[in-house]
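File shown: my_file.cif (mmCIF, C-alpha atoms).
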```cif
data_structure
loop_
_atom_site.label_atom_id
_atom_site.label_comp_id
_atom_site.auth_asym_id
_atom_site.auth_seq_id
_atom_site.Cartn_x
_atom_site.Cartn_y
_atom_site.Cartn_z
CA MET A 1 -24.29 22.43 12.38
CA THR A 2 -20.96 23.47 13.87
CA LYS A 3 -17.61 22.68 12.27
CA LYS A 4 -16.82 20.17 15.03
CA GLN A 5 -20.11 18.33 14.43
CA SER A 6 -19.58 18.21 10.65
CA THR A 7 -16.06 16.75 11.14
CA ARG A 8 -17.52 14.22 13.57
CA LYS A 9 -20.19 13.23 11.05
CA LYS A 10 -17.60 12.49 8.35
CA LEU A 11 -15.82 10.03 10.62
CA ASP A 12 -18.88 8.19 11.78
CA PHE A 13 -17.63 4.69 11.01
CA LYS A 14 -20.21 1.97 11.37
CA PRO A 15 -19.83 -1.60 12.63
CA LYS A 16 -18.79 -4.03 9.86
CA GLN A 17 -17.17 -1.16 7.90
CA PHE A 18 -13.61 -1.72 6.68
CA ILE A 19 -11.12 1.03 7.54
CA VAL A 20 -7.40 1.68 7.19
CA TYR A 21 -5.34 2.40 10.29
CA PRO A 22 -1.93 3.68 9.09
CA ALA A 23 0.29 1.60 11.38
CA HIS A 24 -1.69 -1.65 10.95
CA GLY A 25 -3.43 -1.53 7.57
CA VAL A 26 -6.95 -2.76 6.87
CA GLY A 27 -9.18 -3.52 9.82
CA GLN A 28 -12.89 -3.76 10.44
CA VAL A 29 -14.91 -1.69 12.87
CA VAL A 30 -16.76 -4.25 14.99
CA ALA A 31 -18.41 -1.89 17.47
CA VAL A 32 -18.63 1.62 18.86
CA GLU A 33 -18.57 1.52 22.64
CA GLU A 34 -18.21 3.81 25.62
CA GLN A 35 -15.64 3.28 28.37
CA ASP A 36 -14.96 5.12 31.57
CA VAL A 37 -11.34 6.19 31.83
CA ALA A 38 -10.37 8.03 35.02
CA GLY A 39 -13.99 9.02 35.56
CA VAL A 40 -14.43 10.35 32.02
CA SER A 41 -16.69 8.61 29.52
CA ILE A 42 -14.96 8.10 26.15
CA GLU A 43 -16.54 6.85 22.93
CA LEU A 44 -14.33 4.33 21.11
CA PHE A 45 -14.24 2.60 17.74
CA VAL A 46 -13.41 -1.07 18.31
CA VAL A 47 -11.34 -2.13 15.30
CA GLU A 48 -10.42 -5.75 14.67
CA PHE A 49 -7.45 -6.82 12.57
CA GLU A 50 -8.45 -10.44 11.98
CA LYS A 51 -5.26 -11.64 10.30
CA ASP A 52 -3.07 -10.17 13.06
CA LYS A 53 -5.47 -11.40 15.77
CA MET A 54 -5.49 -7.90 17.22
CA THR A 55 -8.19 -5.55 18.48
CA LEU A 56 -7.62 -1.81 18.72
CA ARG A 57 -9.76 0.75 20.50
CA VAL A 58 -9.54 4.23 18.98
CA PRO A 59 -11.21 7.23 20.66
CA THR A 60 -13.73 8.55 18.13
CA HIS A 61 -12.49 12.13 18.58
CA LYS A 62 -8.90 11.03 17.80
CA ALA A 63 -9.63 8.99 14.67
CA THR A 64 -8.64 11.84 12.33
CA ALA A 65 -5.49 12.68 14.27
CA VAL A 66 -4.21 9.09 14.05
CA GLY A 67 -5.01 8.91 10.33
CA MET A 68 -7.83 6.36 10.46
CA ARG A 69 -9.77 6.48 7.18
CA PRO A 70 -12.30 4.51 5.14
CA ILE A 71 -10.84 2.05 2.63
CA SER A 72 -9.91 3.51 -0.73
CA SER A 73 -12.31 4.09 -3.57
CA PRO A 74 -12.13 1.88 -6.68
CA GLU A 75 -10.57 4.88 -8.48
CA THR A 76 -7.73 5.04 -5.92
CA ILE A 77 -7.19 1.27 -6.29
CA LYS A 78 -6.94 1.76 -10.07
CA ASN A 79 -4.39 4.57 -9.56
CA ALA A 80 -2.37 2.41 -7.16
CA LEU A 81 -2.28 -0.44 -9.69
CA GLU A 82 -1.16 2.07 -12.36
CA THR A 83 1.62 3.20 -10.01
CA LEU A 84 2.92 -0.40 -10.05
CA LYS A 85 3.37 -0.13 -13.83
CA GLY A 86 5.75 2.81 -13.52
CA ARG A 87 9.52 2.65 -13.52
CA ALA A 88 11.12 1.78 -10.18
CA ARG A 89 12.67 4.84 -8.55
CA ILE A 90 15.54 3.71 -6.40
CA LYS A 91 17.57 6.48 -4.83
CA ARG A 92 21.32 6.18 -4.62
CA THR A 93 21.39 6.66 -0.85
CA MET A 94 22.45 4.29 1.89
CA TRP A 95 20.12 1.35 2.41
CA SER A 96 19.34 2.34 6.01
CA ARG A 97 18.01 5.71 4.85
CA ARG A 98 15.97 4.15 2.01
CA ALA A 99 14.62 1.51 4.41
CA GLN A 100 13.41 4.26 6.75
CA GLU A 101 11.70 6.03 3.86
CA TYR A 102 10.04 2.79 2.74
CA GLU A 103 8.89 2.04 6.29
CA SER A 104 7.49 5.55 6.58
CA LYS A 105 5.57 5.15 3.29
CA ILE A 106 4.18 1.77 4.37
CA ASN A 107 2.92 3.23 7.67
CA SER A 108 1.59 6.44 6.09
CA GLY A 109 -1.81 4.93 5.34
CA ASN A 110 -1.56 6.28 1.77
CA LEU A 111 -2.18 3.46 -0.72
CA ILE A 112 -0.24 5.20 -3.53
CA PHE A 113 2.86 5.46 -1.28
CA VAL A 114 2.53 1.77 -0.40
CA ALA A 115 2.26 0.94 -4.12
CA GLU A 116 5.48 2.90 -4.75
CA VAL A 117 7.30 0.74 -2.19
CA VAL A 118 5.93 -2.45 -3.76
CA ARG A 119 7.02 -1.25 -7.22
CA ASP A 120 10.49 -0.13 -6.09
CA LEU A 121 11.28 -3.33 -4.18
CA PHE A 122 9.81 -5.83 -6.67
CA ARG A 123 12.35 -8.14 -8.32
CA SER A 124 11.51 -9.95 -11.55
CA GLY A 125 13.21 -13.16 -12.63
CA GLY A 126 16.27 -11.61 -14.27
CA GLN A 127 17.10 -9.18 -11.45
CA PRO A 128 19.47 -9.73 -8.51
CA GLU A 129 18.11 -11.30 -5.32
CA GLN A 130 16.79 -9.08 -2.56
CA SER A 131 18.50 -8.82 0.80
CA TYR A 132 16.57 -10.13 3.81
CA SER A 133 15.55 -6.61 4.91
CA GLU A 134 14.46 -5.66 1.38
CA ARG A 135 12.36 -8.82 1.20
CA GLN A 136 10.76 -8.06 4.59
CA LEU A 137 9.79 -4.54 3.52
CA TYR A 138 8.53 -5.76 0.14
CA GLU A 139 6.33 -8.40 1.78
CA ALA A 140 4.98 -5.91 4.35
CA ALA A 141 4.08 -3.42 1.60
CA LEU A 142 2.63 -6.13 -0.65
CA GLU A 143 0.47 -7.50 2.15
CA ARG A 144 -0.72 -4.01 3.15
CA MET A 145 -1.63 -3.18 -0.45
CA ALA A 146 -3.22 -6.56 -1.16
CA ARG A 147 -5.46 -6.35 1.91
CA GLU A 148 -6.85 -3.01 0.78
CA VAL A 149 -7.24 -4.13 -2.84
CA GLY A 150 -8.96 -7.27 -1.56
CA ALA A 151 -11.32 -5.32 0.72
CA VAL A 152 -12.34 -2.93 -2.08
CA GLU A 153 -12.55 -5.53 -4.87
CA LYS A 154 -14.04 -8.19 -2.55
CA LEU A 155 -11.20 -10.65 -3.22
CA LYS A 156 -9.54 -13.18 -0.95
CA GLU A 157 -6.10 -12.04 0.18
CA GLU A 158 -4.26 -14.59 -1.97
CA ASP A 159 -6.25 -13.46 -5.05
CA ALA A 160 -5.47 -9.81 -4.26
CA ILE A 161 -1.75 -10.67 -3.94
CA ALA A 162 -1.93 -12.50 -7.28
CA CYS A 163 -3.58 -9.41 -8.83
CA VAL A 164 -0.89 -7.04 -7.52
CA GLU A 165 2.02 -9.35 -8.44
CA GLY A 166 0.45 -10.06 -11.84
CA THR A 167 0.42 -6.33 -12.55
CA LEU A 168 4.10 -6.11 -11.51
CA VAL A 169 5.12 -9.07 -13.71
CA LYS A 170 3.29 -7.66 -16.75
CA ALA A 171 4.91 -4.26 -16.22
CA ALA A 172 8.36 -5.86 -15.89
CA ALA A 173 7.79 -7.79 -19.13
CA VAL A 174 6.85 -4.58 -20.97
CA VAL A 175 9.97 -2.80 -19.64
CA ALA A 176 12.17 -5.78 -20.58
CA ALA A 177 10.68 -5.93 -24.10
CA ALA A 178 11.24 -2.18 -24.56
CA ALA A 179 14.85 -2.50 -23.37
CA GLU A 180 15.41 -5.45 -25.72
CA ALA A 181 13.94 -3.53 -28.67
CA ALA A 182 16.13 -0.50 -27.88
CA ALA A 183 19.24 -2.69 -27.66
CA ALA A 184 18.39 -4.37 -30.99
CA ALA A 185 17.84 -0.97 -32.67
CA GLU A 186 21.14 0.28 -31.27
CA ALA A 187 22.98 -2.83 -32.50
CA GLU A 188 21.39 -2.45 -35.94
CA ALA A 189 22.42 1.22 -36.13
CA GLU A 190 25.97 0.34 -35.12
CA GLU A 191 26.08 -2.39 -37.76
CA GLU A 192 24.96 0.10 -40.44
CA THR A 193 27.59 2.60 -39.31
CA ASN A 194 30.32 -0.07 -39.47
CA ALA A 195 29.15 -1.20 -42.93
CA ALA A 196 29.31 2.36 -44.26
#
```
Rewrite the coordinates I just gave you, this time as C-alpha cells.
Amino acid sequence: MTKKQSTRKKLDFKPKQFIVYPAHGVGQVVAVEEQDVAGVSIELFVVEFEKDKMTLRVPTHKATAVGMRPISSPETIKNALETLKGRARIKRTMWSRRAQEYESKINSGNLIFVAEVVRDLFRSGGQPEQSYSERQLYEAALERMAREVGAVEKLKEEDAIACVEGTLVKAAAVVAAAAEAAAAAEAEAEEETNAA
C-alpha cells in the first residue's frame, strides 16, 4: 500500500459518522458522492450541520488539509472537561487581540483549545458581567464544545451544555472556597501578630 493510499484509508469517513469541521464544529457525514467539476470527477464528503441548517461538500482528498477529523475520543473529552477546572488564564493585552486569539482557538478544531476559551470567558455569580463580545465568544465556544461532548457521550445538546457549565460552576466554587480559606488564614495570622 502506498503512503497516499494509507492516508486516504485513515480519512475514509462513512455516512452517519459524526465529524468535526474546524470552522463549523460537529457535523454528520450523510453521503459520499461524485460530482463533475469542469470535466473532472471529484469525490466529496457531504457533511450536514443540522442545527445550522447547512450542508457542506468537502473533496475527500482535501479533508486533511481543511482539518476535518473524527469526533474526539472519550479520553479527549475527559481532558477537555479537566481543562475547564483549571485557573482562567487571561492575558493583559488589548481585548481586540485576545478576541482574535479566542476566535482562532474556537475555529482550530482542537477541543482542548475550545475548552480553554470556555474556561477563560466563564463568569460565575460573583464576577463582573461580560461585555457583549465576550458573551458572544463564550457562547460560541460553549456551543462548539457542548456539541462535541454531546456527540461523544450521546447527550442532547442542552444536557451537554449543563454538563460543561456544571463542571465550570463546581470548579469556580472550589477556587472561591480556596480563596476564602486563604483569606481567613491570613486574617488569623495577622490577628496573632497584632496580639503578640
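Atom pair atom CA of A:Ala23 / atom CA of A:Lys105 has a distance of 10.3 Å (rounded to one decimal).
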Picked residues, the PyMOL selection byres ((chain A and resi 163-178) around 8), expected as an NGL selection string:
:A and (81 or 84-86 or 119 or 122 or 124 or 142 or 146 or 159-162 or 179-182)
With C-alpha atoms retained, write the just-selected residues as a compact mmCIF listing (two decimals), keeping the file's coordinate frame.
```txt
# COMPACT_ATOMS: atom_id res chain seq x y z
CA LEU A 81 -2.28 -0.44 -9.69
CA LEU A 84 2.92 -0.40 -10.05
CA LYS A 85 3.37 -0.13 -13.83
CA GLY A 86 5.75 2.81 -13.52
CA ARG A 119 7.02 -1.25 -7.22
CA PHE A 122 9.81 -5.83 -6.67
CA SER A 124 11.51 -9.95 -11.55
CA LEU A 142 2.63 -6.13 -0.65
CA ALA A 146 -3.22 -6.56 -1.16
CA ASP A 159 -6.25 -13.46 -5.05
CA ALA A 160 -5.47 -9.81 -4.26
CA ILE A 161 -1.75 -10.67 -3.94
CA ALA A 162 -1.93 -12.50 -7.28
CA ALA A 179 14.85 -2.50 -23.37
CA GLU A 180 15.41 -5.45 -25.72
CA ALA A 181 13.94 -3.53 -28.67
CA ALA A 182 16.13 -0.50 -27.88
```
So that I can check the surroundings of stretch 40-49 of chain A, please list as a PyMOL selection string every protein, DNA and RNA residue that reaches within 12 Å of it, counting only C-alpha atoms and ignoring chain neighbours fewer than 3 positions away.
chain A and resi 8+11-21+23-37+52-63+68-69+144+147
I need the residues from that last selection saved to file as a compact mmCIF listing (two decimals), in the coordinates of the input (with C-alpha atoms), if you can.
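Result saved to part.txt:
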```txt
# COMPACT_ATOMS: atom_id res chain seq x y z
CA ARG A 8 -17.52 14.22 13.57
CA LEU A 11 -15.82 10.03 10.62
CA ASP A 12 -18.88 8.19 11.78
CA PHE A 13 -17.63 4.69 11.01
CA LYS A 14 -20.21 1.97 11.37
CA PRO A 15 -19.83 -1.60 12.63
CA LYS A 16 -18.79 -4.03 9.86
CA GLN A 17 -17.17 -1.16 7.90
CA PHE A 18 -13.61 -1.72 6.68
CA ILE A 19 -11.12 1.03 7.54
CA VAL A 20 -7.40 1.68 7.19
CA TYR A 21 -5.34 2.40 10.29
CA ALA A 23 0.29 1.60 11.38
CA HIS A 24 -1.69 -1.65 10.95
CA GLY A 25 -3.43 -1.53 7.57
CA VAL A 26 -6.95 -2.76 6.87
CA GLY A 27 -9.18 -3.52 9.82
CA GLN A 28 -12.89 -3.76 10.44
CA VAL A 29 -14.91 -1.69 12.87
CA VAL A 30 -16.76 -4.25 14.99
CA ALA A 31 -18.41 -1.89 17.47
CA VAL A 32 -18.63 1.62 18.86
CA GLU A 33 -18.57 1.52 22.64
CA GLU A 34 -18.21 3.81 25.62
CA GLN A 35 -15.64 3.28 28.37
CA ASP A 36 -14.96 5.12 31.57
CA VAL A 37 -11.34 6.19 31.83
CA ASP A 52 -3.07 -10.17 13.06
CA LYS A 53 -5.47 -11.40 15.77
CA MET A 54 -5.49 -7.90 17.22
CA THR A 55 -8.19 -5.55 18.48
CA LEU A 56 -7.62 -1.81 18.72
CA ARG A 57 -9.76 0.75 20.50
CA VAL A 58 -9.54 4.23 18.98
CA PRO A 59 -11.21 7.23 20.66
CA THR A 60 -13.73 8.55 18.13
CA HIS A 61 -12.49 12.13 18.58
CA LYS A 62 -8.90 11.03 17.80
CA ALA A 63 -9.63 8.99 14.67
CA MET A 68 -7.83 6.36 10.46
CA ARG A 69 -9.77 6.48 7.18
CA ARG A 144 -0.72 -4.01 3.15
CA ARG A 147 -5.46 -6.35 1.91
```
So how far away is atom CA of A:Glu148 from atom CA of A:Ile112, in Å?
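Computed distance, atom CA of A:Ile112 to atom CA of A:Glu148, equals 11.4 Å.
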Rounded to one decimal place, report the atom CA of A:Lys154-atom CA of A:Ile106 distance in Å.
21.9 Å
For the point (13.1, 2.4, -10.2) in the file's frame, write as a VMD selection string all residues with an atom no more than 9 Å away, counting only C-alpha atoms.
chain A and resid 86 to 91 119 to 121
Among listed residues A:Ala151, A:Asn194, A:Tyr138, A:Glu129, nearest A:Pro70 (using all atoms listed in the file):
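Smallest separation from A:Pro70 among the options: A:Ala151.
Of the residues under consideration (A:Gln130, A:Val66, A:Ile77, A:Arg97), A:Val66 shows the shortest atom-to-atom contact distance to A:Gly109 when counting all atoms listed in the file.
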Resolved residues for the PyMOL selection byres ((chain A and resi 80) around 9) as a list in words
Glu75, Thr76, Ile77, Lys78, Asn79, Leu81, Glu82, Thr83, Leu84, Leu111, Ile112, Phe113, Val114, Ala115, Glu116 and Met145 of chain A
So which one's closest to A:Glu134, A:Leu155, A:Ala183, A:Val118, A:Val149? Using all atoms listed in the file, please.
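Using all atoms listed in the file, the shortest distance to A:Glu134 belongs to A:Val118.
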